[in-house]
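Dumped upload_3.txt below, it's compact mmCIF, C-alpha atoms and all ligand atoms:
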```
# COMPACT_ATOMS: atom_id res chain seq x y z
CA MET R 1 31.37 -135.51 -54.36
CA ALA R 2 30.92 -133.24 -57.39
CA ASP R 3 33.76 -131.22 -58.93
CA ILE R 4 33.44 -127.57 -57.96
CA ILE R 5 33.33 -125.23 -60.98
CA ASP R 6 35.40 -122.25 -59.89
CA GLY R 7 33.80 -119.25 -61.61
CA LYS R 8 35.95 -116.81 -59.68
CA ALA R 9 39.16 -118.32 -61.08
CA PHE R 10 37.70 -118.62 -64.60
CA ALA R 11 36.58 -114.96 -64.47
CA GLU R 12 40.09 -113.91 -63.42
CA GLY R 13 41.54 -115.73 -66.43
CA LEU R 14 38.98 -114.15 -68.76
CA ARG R 15 39.79 -110.65 -67.42
CA ALA R 16 43.50 -111.30 -68.05
CA ARG R 17 42.72 -112.28 -71.67
CA VAL R 18 40.54 -109.16 -72.06
CA ALA R 19 43.42 -107.02 -70.74
CA THR R 20 45.82 -108.46 -73.34
CA VAL R 21 43.32 -107.81 -76.15
CA ALA R 22 42.56 -104.31 -74.77
CA ALA R 23 46.26 -103.37 -74.86
CA ASP R 24 46.45 -104.57 -78.46
CA PHE R 25 43.33 -102.58 -79.29
CA GLU R 26 44.77 -99.40 -77.81
CA ALA R 27 47.99 -99.84 -79.82
CA GLN R 28 46.03 -100.35 -83.07
CA ALA R 29 43.19 -97.86 -82.59
CA GLY R 30 45.12 -95.11 -80.79
CA ARG R 31 42.49 -94.95 -78.05
CA LYS R 32 41.24 -97.08 -75.17
CA ALA R 33 38.05 -99.11 -75.44
CA GLY R 34 35.38 -97.43 -73.26
CA LEU R 35 32.48 -98.63 -71.11
CA ALA R 36 29.80 -96.28 -69.74
CA VAL R 37 27.82 -97.48 -66.71
CA VAL R 38 24.74 -95.60 -65.53
CA LEU R 39 23.30 -96.05 -62.03
CA VAL R 40 20.05 -94.39 -61.01
CA GLY R 41 19.41 -94.30 -57.25
CA GLU R 42 21.26 -95.75 -54.30
CA ASP R 43 20.36 -99.43 -54.16
CA PRO R 44 23.23 -100.82 -52.04
CA ALA R 45 23.82 -103.99 -54.11
CA SER R 46 23.74 -102.01 -57.38
CA GLN R 47 26.27 -99.55 -55.96
CA VAL R 48 28.64 -102.44 -55.20
CA TYR R 49 28.24 -103.92 -58.72
CA VAL R 50 28.74 -100.55 -60.42
CA ARG R 51 31.87 -99.84 -58.37
CA SER R 52 33.26 -103.29 -59.30
CA LYS R 53 32.47 -102.71 -62.98
CA GLY R 54 34.36 -99.40 -62.96
CA LYS R 55 37.38 -100.84 -61.12
CA GLN R 56 37.59 -103.97 -63.29
CA THR R 57 37.20 -101.92 -66.50
CA VAL R 58 40.18 -99.76 -65.56
CA ALA R 59 42.18 -102.80 -64.37
CA CYS R 60 41.71 -104.31 -67.86
CA GLY R 61 43.14 -101.18 -69.49
CA MET R 62 39.85 -99.76 -70.72
CA ALA R 63 38.24 -96.37 -70.02
CA SER R 64 35.40 -96.29 -67.50
CA PHE R 65 32.70 -93.59 -67.64
CA GLU R 66 30.47 -93.69 -64.59
CA TYR R 67 27.18 -91.79 -64.24
CA ARG R 68 25.42 -91.77 -60.88
CA LEU R 69 22.00 -90.12 -61.02
CA PRO R 70 19.66 -89.36 -58.12
CA VAL R 71 16.72 -91.71 -57.55
CA GLU R 72 14.21 -89.03 -58.60
CA THR R 73 15.84 -88.52 -62.04
CA PRO R 74 13.05 -88.13 -64.63
CA GLU R 75 12.88 -90.83 -67.30
CA ALA R 76 13.41 -88.21 -70.04
CA GLU R 77 16.69 -87.15 -68.45
CA LEU R 78 17.97 -90.76 -68.40
CA LEU R 79 16.92 -91.25 -72.03
CA ALA R 80 18.77 -88.04 -72.99
CA LEU R 81 21.94 -89.32 -71.29
CA VAL R 82 21.67 -92.65 -73.15
CA GLU R 83 21.25 -90.78 -76.44
CA LYS R 84 24.33 -88.69 -75.68
CA LEU R 85 26.35 -91.86 -74.96
CA ASN R 86 25.05 -93.45 -78.19
CA CYS R 87 26.75 -90.60 -80.09
CA ASP R 88 30.01 -90.54 -78.09
CA PRO R 89 32.82 -92.23 -80.08
CA ALA R 90 34.83 -92.86 -76.87
CA VAL R 91 32.02 -95.10 -75.59
CA ASP R 92 31.94 -98.66 -77.01
CA GLY R 93 29.58 -100.14 -74.43
CA ILE R 94 26.60 -98.72 -72.52
CA LEU R 95 25.14 -100.42 -69.48
CA VAL R 96 22.23 -99.11 -67.43
CA GLN R 97 22.30 -100.90 -64.09
CA LEU R 98 19.06 -102.74 -63.26
CA PRO R 99 16.72 -102.59 -61.46
CA LEU R 100 15.68 -98.99 -62.20
CA PRO R 101 13.40 -96.97 -59.90
CA SER R 102 9.71 -97.79 -60.49
CA HIS R 103 8.85 -94.48 -62.24
CA ILE R 104 11.24 -95.36 -65.09
CA ASN R 105 10.21 -97.78 -67.86
CA GLU R 106 13.09 -100.26 -68.16
CA GLN R 107 12.06 -101.46 -71.62
CA LYS R 108 11.99 -97.91 -72.95
CA VAL R 109 15.50 -97.24 -71.61
CA ILE R 110 16.90 -100.48 -73.08
CA ALA R 111 15.21 -99.72 -76.42
CA THR R 112 17.00 -96.35 -76.52
CA ILE R 113 20.50 -97.89 -76.29
CA ASN R 114 22.20 -98.26 -79.69
CA PRO R 115 22.10 -102.08 -80.20
CA ASP R 116 25.75 -101.96 -81.32
CA LYS R 117 26.73 -100.53 -77.90
CA ASP R 118 24.31 -102.76 -75.93
CA VAL R 119 26.97 -104.84 -74.16
CA ASP R 120 24.26 -106.22 -71.82
CA GLY R 121 22.57 -107.84 -74.84
CA PHE R 122 19.11 -106.78 -73.62
CA HIS R 123 17.94 -104.75 -76.65
CA VAL R 124 15.30 -106.53 -78.78
CA VAL R 125 17.62 -106.29 -81.78
CA ASN R 126 20.25 -108.33 -79.90
CA VAL R 127 17.57 -110.72 -78.62
CA GLY R 128 16.55 -111.26 -82.26
CA ARG R 129 20.16 -111.64 -83.39
CA LEU R 130 20.72 -114.35 -80.76
CA ALA R 131 17.51 -116.15 -81.74
CA THR R 132 18.46 -116.13 -85.44
CA GLY R 133 22.18 -116.84 -85.08
CA LEU R 134 23.40 -113.40 -86.18
CA PRO R 135 26.40 -111.73 -84.50
CA GLY R 136 25.38 -109.28 -81.77
CA PHE R 137 25.69 -109.10 -78.00
CA VAL R 138 24.54 -111.84 -75.68
CA PRO R 139 23.55 -111.21 -72.02
CA CYS R 140 26.54 -111.52 -69.69
CA THR R 141 25.24 -113.94 -67.05
CA PRO R 142 24.07 -116.70 -69.43
CA LEU R 143 27.15 -116.29 -71.63
CA GLY R 144 29.22 -116.73 -68.46
CA CYS R 145 27.27 -119.93 -67.70
CA LEU R 146 27.92 -121.20 -71.23
CA MET R 147 31.65 -120.50 -70.94
CA LEU R 148 31.81 -122.48 -67.68
CA LEU R 149 29.86 -125.37 -69.24
CA LYS R 150 32.10 -125.56 -72.33
CA ASP R 151 35.22 -125.34 -70.17
CA LYS R 152 33.97 -128.29 -68.11
CA LEU R 153 32.35 -130.46 -70.78
CA GLY R 154 33.92 -129.48 -74.11
CA SER R 155 31.33 -129.92 -76.87
CA LEU R 156 27.76 -129.73 -75.56
CA SER R 157 26.30 -131.34 -78.68
CA GLY R 158 23.57 -133.88 -77.96
CA PHE R 159 23.31 -133.19 -74.24
CA GLU R 160 19.89 -133.01 -72.60
CA ALA R 161 19.70 -129.54 -70.95
CA VAL R 162 17.02 -128.22 -68.60
CA VAL R 163 16.87 -124.49 -67.88
CA VAL R 164 14.77 -123.73 -64.82
CA GLY R 165 13.49 -120.14 -65.11
CA ARG R 166 12.26 -118.17 -68.13
CA SER R 167 13.46 -114.60 -67.49
CA ASN R 168 14.51 -112.36 -70.37
CA ILE R 169 17.90 -111.81 -68.71
CA VAL R 170 18.91 -115.41 -67.98
CA GLY R 171 16.47 -118.24 -68.75
CA LYS R 172 15.41 -117.38 -72.31
CA PRO R 173 18.86 -116.36 -73.66
CA MET R 174 20.42 -119.39 -71.89
CA ALA R 175 18.00 -121.69 -73.70
CA GLN R 176 18.79 -120.02 -77.06
CA MET R 177 22.53 -120.44 -76.49
CA LEU R 178 22.16 -124.11 -75.56
CA ILE R 179 20.04 -124.71 -78.68
CA ALA R 180 22.85 -123.11 -80.72
CA GLU R 181 25.27 -125.59 -79.10
CA SER R 182 23.03 -128.46 -80.30
CA CYS R 183 21.67 -129.42 -76.88
CA THR R 184 18.13 -130.76 -76.51
CA VAL R 185 16.63 -127.99 -74.40
CA THR R 186 13.67 -127.88 -72.02
CA VAL R 187 12.68 -124.63 -70.30
CA ALA R 188 10.93 -125.31 -67.00
CA HIS R 189 9.26 -122.74 -64.74
CA SER R 190 6.88 -122.22 -61.83
CA ARG R 191 3.95 -123.85 -63.71
CA THR R 192 5.91 -126.91 -64.85
CA LYS R 193 4.26 -130.14 -63.70
CA ASP R 194 6.51 -132.51 -61.74
CA LEU R 195 9.57 -130.27 -61.91
CA PRO R 196 11.83 -132.81 -60.12
CA ALA R 197 11.07 -135.40 -62.85
CA VAL R 198 11.86 -132.87 -65.60
CA VAL R 199 15.15 -131.84 -63.95
CA ARG R 200 16.10 -135.52 -63.48
CA ARG R 201 16.23 -135.98 -67.29
CA ALA R 202 19.03 -133.42 -67.64
CA ASP R 203 22.75 -133.86 -68.23
CA ILE R 204 23.00 -130.07 -67.84
CA VAL R 205 20.85 -128.12 -65.37
CA VAL R 206 20.86 -124.31 -65.26
CA VAL R 207 18.77 -122.83 -62.46
CA ALA R 208 17.73 -119.16 -62.37
CA VAL R 209 14.50 -118.82 -60.43
CA GLY R 210 15.35 -116.71 -57.38
CA ARG R 211 14.16 -119.29 -54.83
CA ALA R 212 16.70 -120.20 -52.20
CA GLU R 213 17.92 -123.81 -52.33
CA MET R 214 14.88 -125.02 -54.29
CA VAL R 215 16.57 -127.73 -56.41
CA LYS R 216 17.51 -130.72 -54.24
CA GLY R 217 20.07 -133.45 -54.82
CA ASP R 218 17.39 -136.11 -55.37
CA TRP R 219 16.07 -134.07 -58.35
CA LEU R 220 19.32 -134.65 -60.24
CA LYS R 221 20.53 -137.33 -62.62
CA PRO R 222 23.75 -138.71 -61.09
CA GLY R 223 26.73 -137.02 -62.73
CA ALA R 224 24.78 -134.01 -64.06
CA THR R 225 26.51 -130.66 -64.46
CA VAL R 226 24.69 -128.04 -62.39
CA ILE R 227 24.94 -124.28 -62.96
CA ASP R 228 23.37 -122.24 -60.16
CA VAL R 229 22.55 -118.65 -61.15
CA GLY R 230 20.64 -117.90 -57.92
CA MET R 231 21.76 -115.30 -55.39
CA ASN R 232 19.52 -115.30 -52.35
CA ARG R 233 20.23 -113.81 -48.93
CA ILE R 234 18.83 -115.94 -46.13
CA PRO R 235 19.21 -115.78 -42.35
CA ALA R 236 22.43 -117.49 -41.23
CA ALA R 237 22.68 -119.78 -38.24
CA GLU R 238 24.24 -116.98 -36.17
CA ASP R 239 22.01 -114.26 -34.77
CA GLY R 240 21.01 -111.45 -37.12
CA LYS R 241 23.49 -112.37 -39.86
CA THR R 242 22.61 -113.38 -43.41
CA LYS R 243 24.32 -115.65 -45.91
CA LEU R 244 24.26 -115.88 -49.69
CA VAL R 245 22.87 -119.10 -51.16
CA GLY R 246 21.90 -120.20 -54.66
CA ASP R 247 18.72 -121.70 -56.10
CA VAL R 248 20.27 -125.16 -55.67
CA ASP R 249 20.62 -126.91 -52.32
CA PHE R 250 24.41 -127.21 -52.57
CA ALA R 251 24.83 -129.76 -49.74
CA SER R 252 22.55 -132.41 -51.25
CA ALA R 253 23.20 -131.53 -54.92
CA SER R 254 26.98 -131.83 -54.61
CA GLU R 255 26.54 -135.46 -53.50
CA VAL R 256 24.78 -136.37 -56.77
CA ALA R 257 26.06 -133.96 -59.43
CA GLY R 258 29.22 -134.55 -61.45
CA ALA R 259 30.09 -130.86 -61.29
CA ILE R 260 28.45 -127.82 -59.71
CA THR R 261 28.94 -124.06 -59.37
CA PRO R 262 29.08 -122.73 -55.81
CA VAL R 263 27.34 -119.56 -54.58
CA PRO R 264 29.17 -117.27 -54.08
CA GLY R 265 32.13 -117.78 -56.42
CA GLY R 266 30.40 -119.55 -59.30
CA VAL R 267 28.32 -117.71 -61.89
CA GLY R 268 28.32 -114.31 -60.15
CA PRO R 269 31.93 -113.29 -60.90
CA MET R 270 31.45 -114.28 -64.57
CA THR R 271 28.84 -111.54 -65.13
CA ILE R 272 31.30 -108.63 -64.94
CA ALA R 273 34.14 -110.50 -66.69
CA VAL R 274 31.82 -111.20 -69.66
CA LEU R 275 30.72 -107.55 -69.67
CA LEU R 276 34.37 -106.56 -70.18
CA ARG R 277 34.66 -109.20 -72.91
CA ASN R 278 31.59 -107.80 -74.70
CA THR R 279 33.02 -104.27 -74.41
CA ILE R 280 36.34 -105.12 -76.06
CA VAL R 281 34.47 -107.01 -78.80
CA SER R 282 32.28 -103.92 -79.34
CA ALA R 283 35.35 -101.64 -79.54
CA HIS R 284 36.84 -103.79 -82.32
CA ARG R 285 33.59 -103.73 -84.30
CA ALA R 286 33.29 -99.93 -83.87
CA ALA R 287 36.88 -99.37 -85.03
CA GLY R 288 36.54 -101.83 -87.93
CA LEU R 289 39.37 -103.94 -86.47
CA GLU R 290 39.38 -107.68 -86.83
CA LEU R 291 39.29 -109.77 -83.62
CA ASP R 292 39.54 -113.53 -83.30
CA GLU R 293 36.90 -113.89 -80.56
CA SER R 294 38.13 -117.39 -79.74
CA VAL R 295 41.14 -115.85 -77.93
CA LEU R 296 38.70 -114.55 -75.31
N1 LIG J 1 22.32 -103.91 -66.50
C1 LIG J 1 22.49 -105.00 -65.71
N2 LIG J 1 21.96 -105.02 -64.49
C2 LIG J 1 22.12 -106.15 -63.73
C3 LIG J 1 22.87 -107.26 -64.18
C4 LIG J 1 23.41 -107.20 -65.49
O1 LIG J 1 24.07 -108.15 -66.00
N3 LIG J 1 23.20 -106.05 -66.22
N4 LIG J 1 23.13 -108.36 -63.35
C5 LIG J 1 22.77 -108.29 -61.95
C6 LIG J 1 23.82 -107.74 -61.02
N5 LIG J 1 25.22 -107.95 -61.37
C7 LIG J 1 25.76 -107.10 -62.26
O2 LIG J 1 25.23 -106.08 -62.62
C8 LIG J 1 26.06 -108.85 -60.64
C9 LIG J 1 25.55 -109.75 -59.76
C10 LIG J 1 26.39 -110.57 -59.01
C11 LIG J 1 27.76 -110.50 -59.12
C12 LIG J 1 28.70 -111.30 -58.27
O3 LIG J 1 29.89 -111.23 -58.44
N6 LIG J 1 28.21 -112.06 -57.27
C13 LIG J 1 29.03 -112.75 -56.31
C14 LIG J 1 28.52 -112.51 -54.89
C15 LIG J 1 28.42 -111.08 -54.52
C16 LIG J 1 27.90 -110.89 -53.10
O4 LIG J 1 28.50 -111.40 -52.17
O5 LIG J 1 26.86 -110.22 -52.94
C17 LIG J 1 28.99 -114.27 -56.51
O6 LIG J 1 27.95 -114.79 -56.91
O7 LIG J 1 30.00 -114.90 -56.22
C18 LIG J 1 28.28 -109.59 -60.01
C19 LIG J 1 27.44 -108.77 -60.77
C20 LIG J 1 21.52 -107.42 -61.75
N7 LIG J 1 21.58 -106.20 -62.48
MG MG J 2 27.42 -117.97 -58.22
```
For this file, produce the structure as structure tokens.
Amino acid sequence: MADIIDGKAFAEGLRARVATVAADFEAQAGRKAGLAVVLVGEDPASQVYVRSKGKQTVACGMASFEYRLPVETPEAELLALVEKLNCDPAVDGILVQLPLPSHINEQKVIATINPDKDVDGFHVVNVGRLATGLPGFVPCTPLGCLMLLKDKLGSLSGFEAVVVGRSNIVGKPMAQMLIAESCTVTVAHSRTKDLPAVVRRADIVVVAVGRAEMVKGDWLKPGATVIDVGMNRIPAAEDGKTKLVGDVDFASASEVAGAITPVPGGVGPMTIAVLLRNTIVSAHRAAGLELDESVL
């Protein structure tokens, strides 16, 4: 049986380290680090995530600014709010919760965020910084995956890594980060021929495709480390209930893998913990204070 990579416990530890650094920051800067989160509409899952972000921000000793806008908010009004937050010195990080309602152009909103407050790492300037090895902000979910991988494996240098999925939010930045760690990286996707054979080459497999339990145990190299980014709700055995599963078939994969993240409790909790990490890093940069990022 594979080792279970406990993302919930790792995220708890990361939040405790952020809290220590945030207290230090407040003592040095004379103000709290601040995170602004903007939610447009009433998507139930987004409401849960935004509430958690606010609570965890405050629990880490940082200031939380929450903006909840009605679903019919015009795009121009959202852009004006982002511009106001760009100029607010109490705000070190800005996050606009995705997905946005269909009448709002997500790319336009992300492009309006000051790249130096873009703690989601979605702005093209931060995408370019990641691709060229410059300091910036890196998307929270893949950075969380990388932290779990390094905690489990130490140096990743020379490992064969396969990323299944090529989204801007997970797959592409994950691949860039693994290249920077000197892995040999393959990005596979829905058009990849013989996907099981490609996955079977990998020492490290990161799956972010949004298809419930797609990757099976017999697709894996024995001993591989498997990071499951998927979050899919499927009907449970009991009547009318649903359960959360990943993109990896946990039952068969955990018999072959060396280590694997569960769903829930694997990658998911890392997303918000890394957001808090990015926010405290941003606050130091804004205040011109030095921070040894390795303590996070
Ligand atoms: N602007 C952003 N929007 C979205 C992001 C993001 O990083 N930035 N990511 C996701 C949602 N998300 C945070 O926003 C998020 C997703 C999942 C979890 C999490 O803790 N998942 C748990 C299970 C939760 C459940 O039971 O439903 C787990 O996997 O254990 C936290 C945050 C999309 N939008
Ligand atoms: Mg998970």
Revision key, fill the gap. Closest of R:Met177, R:Val71, R:Ala16, R:Val82 to Arg129 (chain R), counting all atoms listed in the file, is R:Met177
**Study point:** Within 10 Å of Val109 (chain R) using all atoms listed in the file, minus same-chain residues under 4 positions, as a ChimeraX atom specification
**Key:** /R:75-76,78-80,82-83,96,100,104-105,113,123
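Picture a line from CA of Arg17 (chain R) to CA of Ala273 (chain R); it runs 10.1 Å.
The smallest atom-to-atom distance between ligand LIG 1 (chain J) and any of R:Phe122, R:Phe137, R:Trp219, R:Phe10, using all atoms listed in the file, is found for R:Phe122.
The contact shell of ligand LIG 1 (chain J), defined as all polymer residues within 7 Å when only C-alpha atoms and all ligand atoms are used, comprises Ser46, Tyr49, Val50, Leu95, Val96, Gln97, Leu98, Pro99, Asp120, Pro139, Cys140, Thr141, Met231, Leu244, Val263, Pro264, Gly265, Gly266, Val267, Gly268, Pro269, Thr271 and Ile272 of chain R.
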Exercise for review: With a distance cut-off of 6 Å and all atoms listed in the file, select the neighbouring residues of Val164 (chain R), excluding the residue or stretch itself and same-chain residues fewer than 3 positions from it, and output the selection as a ChimeraX atom specification.
Suggested key: /R:187-189,207-208
Exercise for review: Identify, on the basis of only C-alpha atoms, every residue whose closest approach to Thr20 (chain R) does not exceed 9 Å; exclude the query and any residue fewer than 4 positions from it along the same chain; express the result as a list in words.
Suggested key: Arg15, Ala16, Asp24, Phe25, Cys60 and Gly61 of chain R
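Proximity to ligand MG 2 (chain J) was assessed for R:Ile5, R:Ile280, R:Leu296, R:Val162 counting all atoms listed in the file; the smallest distance is recorded for R:Ile5.
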